[in-house]
Structures are given as structure tokens and as C-alpha cells.
Amino acid sequence: MKIDLWFATPVYHHDANDADTEMIQSSVAQMLELEYREILSRDDARSRSYVQSRHPQHRQVLQKYQLDNLHHWLTLHCGGFVKKLHPDAKALEIRESWLNFYFPGDSQEVHHHMHPTHPSFISGSLYLQASPDSGDIKFYHPAFGVSGYQSAQGLETFEASYPPQPNRLVLFRSHVPHAVMPNRSDKVRISLSFNVYIQD
Ligand SMILES: [Fe+2]
């Protein structure tokens with residue numbers, strides 16, 4: 001008997017080294033509190049089970065706070081992932097970037113990042129403040145809810161989790177369903193999320 005495992009669901013993950021950790025944390029040190037206060041000033045800040053604004057103004061944090069070194073670092077990692085997924089891609093652009101604040105008990109339901117009018121190619125999260133029990137990111141099989149008869153065991157395992165850790169980067173194709181488990185710690189979990197578009 002031979003079973004071929006086709007149709008992989010790749011997830012890229014990387015923990016920043018000491019020098020990059022220093023760059024990441026110094027880049028965001030000034031803006032976390034500022035951005036949090038600004039998000040709270042908007043009506044939609046608490047429309048979900050965690051604090052995030054859908055407003056376009058809050059989806060450009062890399063540009064808004066001129067986080068050029070961080071932007072460059074993210075672009076390098078995204079480029080490495082895109083090269084494996086789509087070797088012919090000519091360019092990539094991180095077009096949306098935003099912060100998420102998960103307070104104790106907060107979580108996020110299953111969703112994906114395939115906006116109907118502007119589908120991105122890959123998406124990612126960089127954890128800025130997170131303890132191990134502050135909510136894993138959990139990925140589901142892209143056919144989640146469609147094929148039925150899915151098992152957490154066996155070759156078609158349909159979910160995979162990554163615990164958050166400060167300065168950990170996780171990248172995935174934008175159509176892959178994912179959720180954030182409840183924050184069971186007593187500290188706020190802060191992540192920077194983004195969507196990446198390619199030109200092919
Ligand atoms: Fe997401």
C-alpha cells in the first residue's frame with residue numbers, strides 16, 4: 001500500500017534572534033500605548049471579543065509609525081516564504097498591518113483573511129507581548145467545515161496549534177482558517193497582524 005500526501009498546508013514560523021528581538025521591541029516600544037488609546041477612541045474597537053479596530057487608519061501601523069526596520073525584517077521573512085510557495089512572484093507588499101489586544105479571557109473565532117474584493121496571498125502574526133498560556137493560534141484544514149468526517153487523528157489531521165511567544169513570527173496562506181484560543185494568562189497578549197499581496 002502506498003499513500004501520497006498531497007496538498008500541503010504550509011505554515012512558516014520563526015523566533016527572532018537576540019539582535020532582531022531588540023530591533024522589534026525597540027521599534028514598537030513607543031507606539032503600543034499610543035495605538036491602543038487611538039483604537040479605543042473608535043466605535044468599533046470593542047465590536048469583537050478582543051480589542052482591534054477595522055478602521056483603515058489602524059491597518060497601516062508599519063507606515064503610520066514609520067517602523068521601517070521592522071517592515072524590512074517582515075518583508076524578508078515573507079519573501080522567503082513566498083519564494084517557496086510561488087517562485088515566480090515578482091514582488092510582494094505588506095499592504096495592511098494592525099495590532100490586536102487580547103485581555104485575559106479574550107479569544108478570536110475561526111476566520112480567514114480572504115477578503116472578497118482584495119484577497120491577500122499570505123498573512124501573518126508577530127507576537128509582541130505574549131505568555132505561553134495567552135492563547136495559541138490554531139490552524140484548521142482549509143476544507144474545514146466542508147468535507148465532513150474530519151478527525152483530529154490520522155493523515156488528514158485538521159488542526160495544528162502554535163503557542164504565542166514574544167518575537168515569534170507565524171506566516172500562513174491567507175485562505176487558511178485559524179482562530180485564537182482564549183487568553184488564560186493574567187496579562188494582555190499583543191500581536192501585530194498583516195496581509196501580504198504579491199505580483200505575479
Ligand atoms: Fe487572523
# chains A, B, ... in the order shown; residues from 1 in each chain; ligands from 1
>>> closest_atom_pairs(of="chain A", to="ligand 1", cutoff="7 Å", atoms="only C-alpha atoms and all ligand atoms", output="CSV")
residue,atom,partner,partner_atom_place_in_ligand_line,distance
A:His111,CA,ligand 1,1 (Fe),6.3
A:His112,CA,ligand 1,1 (Fe),5.9
A:His113,CA,ligand 1,1 (Fe),6.2
A:His178,CA,ligand 1,1 (Fe),6.4
A:Ala179,CA,ligand 1,1 (Fe),6.9
>>> write_last_selection(atoms="N, CA and C atoms", output="compact mmCIF listing (two decimals), in the first residue's frame")
# COMPACT_ATOMS: atom_id res chain seq x y z
N HIS A 111 -11.63 32.16 11.44
CA HIS A 111 -11.79 33.08 10.33
C HIS A 111 -10.64 32.89 9.35
N HIS A 112 -10.71 33.55 8.22
CA HIS A 112 -9.58 33.58 7.30
C HIS A 112 -9.43 35.01 6.81
N HIS A 113 -8.43 35.28 5.96
CA HIS A 113 -8.16 36.66 5.55
C HIS A 113 -8.42 36.88 4.07
N HIS A 178 -8.21 30.00 10.77
CA HIS A 178 -7.46 29.99 12.02
C HIS A 178 -8.27 30.70 13.10
N ALA A 179 -7.89 30.43 14.34
CA ALA A 179 -8.57 31.03 15.48
C ALA A 179 -7.53 31.31 16.55
>>> residues_around(residues="Leu85 of chain A", least_positions_apart="4", cutoff="10 Å", atoms="only C-alpha atoms", output="number ranges by chain")
A: 10, 79-81, 89, 121-122, 173
>>> residues_around(residues="segment 184-196 of chain A", least_positions_apart="4", cutoff="8 Å", atoms="only C-alpha atoms", output="PyMOL selection string")
chain A and resi 78+92-105+113+120-131+133-135+174
>>> write_last_selection(atoms="N, CA and C atoms", output="CSV table (one decimal), in the first residue's frame")
chain,number,residue,atom,x,y,z
A,78,CYS,N,8.7,37.2,4.8
A,78,CYS,CA,7.6,36.9,3.9
A,78,CYS,C,8.2,36.5,2.5
A,92,LEU,N,6.3,41.6,-3.6
A,92,LEU,CA,5.4,41.4,-2.6
A,92,LEU,C,5.2,42.8,-1.8
A,93,GLU,N,4.1,42.9,-1.2
A,93,GLU,CA,3.8,44.2,-0.5
A,93,GLU,C,3.0,43.8,0.8
A,94,ILE,N,3.4,44.3,1.9
A,94,ILE,CA,2.6,44.2,3.1
A,94,ILE,C,1.7,45.4,3.1
A,95,ARG,N,0.4,45.2,2.8
A,95,ARG,CA,-0.5,46.3,2.5
A,95,ARG,C,-1.3,46.7,3.7
A,96,GLU,N,-1.6,45.7,4.6
A,96,GLU,CA,-2.3,46.0,5.8
A,96,GLU,C,-1.6,45.5,7.0
A,97,SER,N,-1.5,46.3,8.1
A,97,SER,CA,-0.8,45.8,9.3
A,97,SER,C,-1.5,46.5,10.5
A,98,TRP,N,-1.8,45.7,11.5
A,98,TRP,CA,-2.6,46.2,12.6
A,98,TRP,C,-2.3,45.5,13.9
A,99,LEU,N,-2.7,46.1,15.0
A,99,LEU,CA,-2.5,45.5,16.3
A,99,LEU,C,-3.7,44.8,16.8
A,100,ASN,N,-3.5,43.8,17.6
A,100,ASN,CA,-4.6,43.1,18.3
A,100,ASN,C,-4.3,43.0,19.8
A,101,PHE,N,-5.2,43.3,20.6
A,101,PHE,CA,-5.0,43.3,22.1
A,101,PHE,C,-6.0,42.3,22.7
A,102,TYR,N,-5.5,41.2,23.3
A,102,TYR,CA,-6.3,40.2,23.9
A,102,TYR,C,-6.1,40.3,25.4
A,103,PHE,N,-7.1,40.7,26.1
A,103,PHE,CA,-7.1,40.7,27.5
A,103,PHE,C,-7.4,39.3,28.1
A,104,PRO,N,-7.2,39.1,29.4
A,104,PRO,CA,-7.5,37.8,29.9
A,104,PRO,C,-8.9,37.4,29.6
A,105,GLY,N,-9.1,36.2,29.0
A,105,GLY,CA,-10.4,35.7,28.6
A,105,GLY,C,-10.7,35.9,27.2
A,113,HIS,N,-8.4,35.3,6.0
A,113,HIS,CA,-8.2,36.7,5.6
A,113,HIS,C,-8.4,36.9,4.1
A,120,SER,N,-5.6,38.6,-0.1
A,120,SER,CA,-4.2,38.7,0.0
A,120,SER,C,-3.6,37.3,-0.2
A,121,PHE,N,-2.3,37.2,-0.4
A,121,PHE,CA,-1.7,35.9,-0.7
A,121,PHE,C,-1.2,35.2,0.6
A,122,ILE,N,-0.5,35.9,1.5
A,122,ILE,CA,-0.2,35.3,2.8
A,122,ILE,C,-0.5,36.3,3.9
A,123,SER,N,-0.7,35.8,5.1
A,123,SER,CA,-1.0,36.7,6.2
A,123,SER,C,0.0,36.2,7.3
A,124,GLY,N,0.1,37.1,8.4
A,124,GLY,CA,1.0,36.7,9.4
A,124,GLY,C,0.7,37.4,10.7
A,125,SER,N,1.3,36.8,11.8
A,125,SER,CA,1.2,37.5,13.1
A,125,SER,C,2.6,37.5,13.7
A,126,LEU,N,2.9,38.6,14.3
A,126,LEU,CA,4.2,38.7,15.1
A,126,LEU,C,3.7,39.0,16.5
A,127,TYR,N,4.2,38.1,17.5
A,127,TYR,CA,3.8,38.3,18.8
A,127,TYR,C,4.7,39.3,19.5
A,128,LEU,N,4.1,40.3,20.1
A,128,LEU,CA,4.9,41.4,20.7
A,128,LEU,C,5.0,41.2,22.2
A,129,GLN,N,3.8,40.9,22.8
A,129,GLN,CA,3.7,40.6,24.2
A,129,GLN,C,2.9,39.4,24.3
A,130,ALA,N,3.4,38.3,24.9
A,130,ALA,CA,2.6,37.1,25.0
A,130,ALA,C,3.2,36.1,25.9
A,131,SER,N,2.5,35.5,26.8
A,131,SER,CA,3.0,34.4,27.7
A,131,SER,C,2.4,33.1,27.0
A,133,ASP,N,0.5,30.8,27.9
A,133,ASP,CA,-0.9,30.4,28.0
A,133,ASP,C,-1.8,31.6,27.7
A,134,SER,N,-1.3,32.5,26.8
A,134,SER,CA,-2.2,33.7,26.5
A,134,SER,C,-3.0,33.4,25.2
A,135,GLY,N,-3.0,32.2,24.7
A,135,GLY,CA,-3.9,31.9,23.5
A,135,GLY,C,-3.1,31.4,22.3
A,174,SER,N,-3.4,33.1,3.2
A,174,SER,CA,-4.5,33.9,3.7
A,174,SER,C,-5.8,33.1,3.8
>>> atom_distance(atom1="atom CA of Met23 of chain A", atom2="atom CA of Leu70 of chain A")
7.2 Å
>>> residues_around(residues="Tyr140 of chain A", least_positions_apart="3", cutoff="6 Å", atoms="only C-alpha atoms", output="list in words")
Phe158, Glu159, Pro177 and His178 of chain A
>>> write_last_selection(atoms="C-alpha atoms", output="PDB file, in the first residue's frame")
ATOM      1  CA  PHE A 158      -7.269  19.021  10.560  1.00  0.00           C
ATOM      2  CA  GLU A 159      -5.864  21.310  13.220  1.00  0.00           C
ATOM      3  CA  PRO A 177      -8.877  29.127   8.620  1.00  0.00           C
ATOM      4  CA  HIS A 178      -7.457  29.989  12.022  1.00  0.00           C
TER       5      HIS A 178
END
>>> select_by_dssp(residues="chain A", states="helix (DSSP H, G or I)", output="ChimeraX atom specification")
/A:18-28,31-40,43-46,56-59,61-64,68-85
>>> write_last_selection(atoms="N, CA and C atoms", output="compact mmCIF listing (two decimals), in the first residue's frame")
# COMPACT_ATOMS: atom_id res chain seq x y z
N ASP A 18 18.50 37.35 19.12
CA ASP A 18 18.62 38.42 20.11
C ASP A 18 18.66 39.81 19.48
N ALA A 19 19.42 39.94 18.40
CA ALA A 19 19.55 41.26 17.76
C ALA A 19 18.21 41.69 17.16
N ASP A 20 17.50 40.76 16.53
CA ASP A 20 16.21 41.10 15.92
C ASP A 20 15.14 41.36 16.98
N THR A 21 15.24 40.63 18.10
CA THR A 21 14.33 40.88 19.22
C THR A 21 14.48 42.31 19.72
N GLU A 22 15.71 42.74 19.84
CA GLU A 22 15.98 44.11 20.28
C GLU A 22 15.39 45.12 19.29
N MET A 23 15.56 44.85 18.00
CA MET A 23 15.02 45.74 16.97
C MET A 23 13.49 45.77 17.04
N ILE A 24 12.87 44.60 17.18
CA ILE A 24 11.40 44.52 17.21
C ILE A 24 10.87 45.29 18.41
N GLN A 25 11.42 45.01 19.59
CA GLN A 25 10.88 45.61 20.80
C GLN A 25 11.15 47.11 20.87
N SER A 26 12.30 47.54 20.36
CA SER A 26 12.55 48.99 20.38
C SER A 26 11.69 49.69 19.33
N SER A 27 11.38 48.98 18.23
CA SER A 27 10.53 49.58 17.19
C SER A 27 9.13 49.89 17.72
N VAL A 28 8.60 48.95 18.52
CA VAL A 28 7.19 49.08 18.93
C VAL A 28 7.02 49.73 20.30
N MET A 31 4.91 52.91 20.33
CA MET A 31 3.62 53.02 19.64
C MET A 31 2.50 52.16 20.22
N LEU A 32 2.83 51.16 21.03
CA LEU A 32 1.78 50.25 21.50
C LEU A 32 0.69 50.98 22.28
N GLU A 33 1.11 51.77 23.25
CA GLU A 33 0.16 52.50 24.08
C GLU A 33 -0.61 53.54 23.26
N LEU A 34 0.14 54.24 22.39
CA LEU A 34 -0.48 55.26 21.53
C LEU A 34 -1.58 54.66 20.66
N GLU A 35 -1.23 53.55 20.01
CA GLU A 35 -2.17 52.93 19.09
C GLU A 35 -3.37 52.35 19.86
N TYR A 36 -3.11 51.78 21.02
CA TYR A 36 -4.19 51.23 21.83
C TYR A 36 -5.20 52.33 22.18
N ARG A 37 -4.69 53.47 22.63
CA ARG A 37 -5.59 54.58 23.01
C ARG A 37 -6.37 55.08 21.80
N GLU A 38 -5.69 55.13 20.67
CA GLU A 38 -6.36 55.64 19.47
C GLU A 38 -7.44 54.67 19.00
N ILE A 39 -7.15 53.38 19.07
CA ILE A 39 -8.16 52.39 18.69
C ILE A 39 -9.38 52.51 19.59
N LEU A 40 -9.14 52.67 20.89
CA LEU A 40 -10.26 52.76 21.84
C LEU A 40 -11.14 53.97 21.59
N ASP A 43 -15.54 53.70 17.59
CA ASP A 43 -16.75 52.96 17.97
C ASP A 43 -16.57 51.44 17.85
N ASP A 44 -15.78 51.01 16.85
CA ASP A 44 -15.73 49.58 16.57
C ASP A 44 -14.64 48.84 17.36
N ALA A 45 -13.97 49.54 18.27
CA ALA A 45 -12.84 48.94 18.98
C ALA A 45 -13.23 47.69 19.76
N ARG A 46 -14.45 47.68 20.29
CA ARG A 46 -14.87 46.53 21.11
C ARG A 46 -15.99 45.74 20.45
N PRO A 56 -9.48 51.66 8.44
CA PRO A 56 -8.26 51.64 7.61
C PRO A 56 -7.07 52.35 8.27
N GLN A 57 -7.36 53.38 9.03
CA GLN A 57 -6.30 54.15 9.70
C GLN A 57 -5.50 53.26 10.66
N HIS A 58 -6.16 52.24 11.23
CA HIS A 58 -5.49 51.35 12.17
C HIS A 58 -4.94 50.10 11.50
N ARG A 59 -4.96 50.09 10.16
CA ARG A 59 -4.47 48.92 9.42
C ARG A 59 -3.19 49.26 8.67
N VAL A 61 -0.13 50.28 10.51
CA VAL A 61 0.75 50.68 11.61
C VAL A 61 2.22 50.72 11.19
N LEU A 62 2.64 49.88 10.24
CA LEU A 62 4.05 49.90 9.83
C LEU A 62 4.41 51.25 9.22
N GLN A 63 3.49 51.79 8.40
CA GLN A 63 3.73 53.09 7.77
C GLN A 63 3.45 54.24 8.75
N LYS A 64 2.34 54.11 9.45
CA LYS A 64 1.90 55.19 10.33
C LYS A 64 2.96 55.56 11.37
N ASP A 68 10.28 51.22 9.92
CA ASP A 68 10.97 50.79 8.70
C ASP A 68 11.81 49.52 8.90
N ASN A 69 12.55 49.44 10.02
CA ASN A 69 13.38 48.26 10.24
C ASN A 69 12.53 47.01 10.42
N LEU A 70 11.43 47.16 11.15
CA LEU A 70 10.53 46.03 11.35
C LEU A 70 9.86 45.64 10.04
N HIS A 71 9.45 46.65 9.28
CA HIS A 71 8.83 46.42 7.97
C HIS A 71 9.79 45.62 7.07
N HIS A 72 11.03 46.03 7.07
CA HIS A 72 12.06 45.36 6.26
C HIS A 72 12.25 43.90 6.72
N TRP A 73 12.32 43.71 8.02
CA TRP A 73 12.51 42.36 8.58
C TRP A 73 11.34 41.46 8.22
N LEU A 74 10.12 41.98 8.35
CA LEU A 74 8.94 41.18 7.99
C LEU A 74 8.94 40.85 6.51
N THR A 75 9.33 41.84 5.69
CA THR A 75 9.35 41.64 4.24
C THR A 75 10.35 40.54 3.86
N LEU A 76 11.50 40.50 4.54
CA LEU A 76 12.49 39.45 4.27
C LEU A 76 11.92 38.06 4.55
N HIS A 77 11.28 37.93 5.70
CA HIS A 77 10.71 36.62 6.06
C HIS A 77 9.56 36.24 5.13
N CYS A 78 8.72 37.22 4.82
CA CYS A 78 7.60 36.94 3.90
C CYS A 78 8.17 36.53 2.54
N GLY A 79 9.24 37.19 2.12
CA GLY A 79 9.86 36.88 0.83
C GLY A 79 10.37 35.45 0.79
N GLY A 80 10.96 35.00 1.88
CA GLY A 80 11.45 33.62 1.95
C GLY A 80 10.32 32.61 1.83
N PHE A 81 9.20 32.92 2.45
CA PHE A 81 8.04 32.02 2.41
C PHE A 81 7.40 32.04 1.02
N VAL A 82 7.22 33.26 0.48
CA VAL A 82 6.59 33.41 -0.84
C VAL A 82 7.42 32.69 -1.90
N LYS A 83 8.74 32.75 -1.78
CA LYS A 83 9.64 32.11 -2.75
C LYS A 83 9.36 30.60 -2.82
N LYS A 84 9.05 30.00 -1.68
CA LYS A 84 8.73 28.58 -1.66
C LYS A 84 7.35 28.28 -2.22
N LEU A 85 6.42 29.18 -1.96
CA LEU A 85 5.03 28.94 -2.36
C LEU A 85 4.78 29.29 -3.81
>>> atom_distance(atom1="atom CA of Ile3 of chain A", atom2="atom CA of Ala160 of chain A")
21.3 Å
>>> residues_around(residues="Leu155 of chain A", least_positions_apart="4", cutoff="12 Å", atoms="only C-alpha atoms", output="VMD selection string")
chain A and resid 3 to 8 141 150 to 151 159
>>> select_by_dssp(residues="chain A", states="strand (DSSP E or B)", output="MDAnalysis selection string")
chainID A and resid 11:15 51 60 91:102 108:111 122:129 137:140 159:162 168:173 178:180 189:199
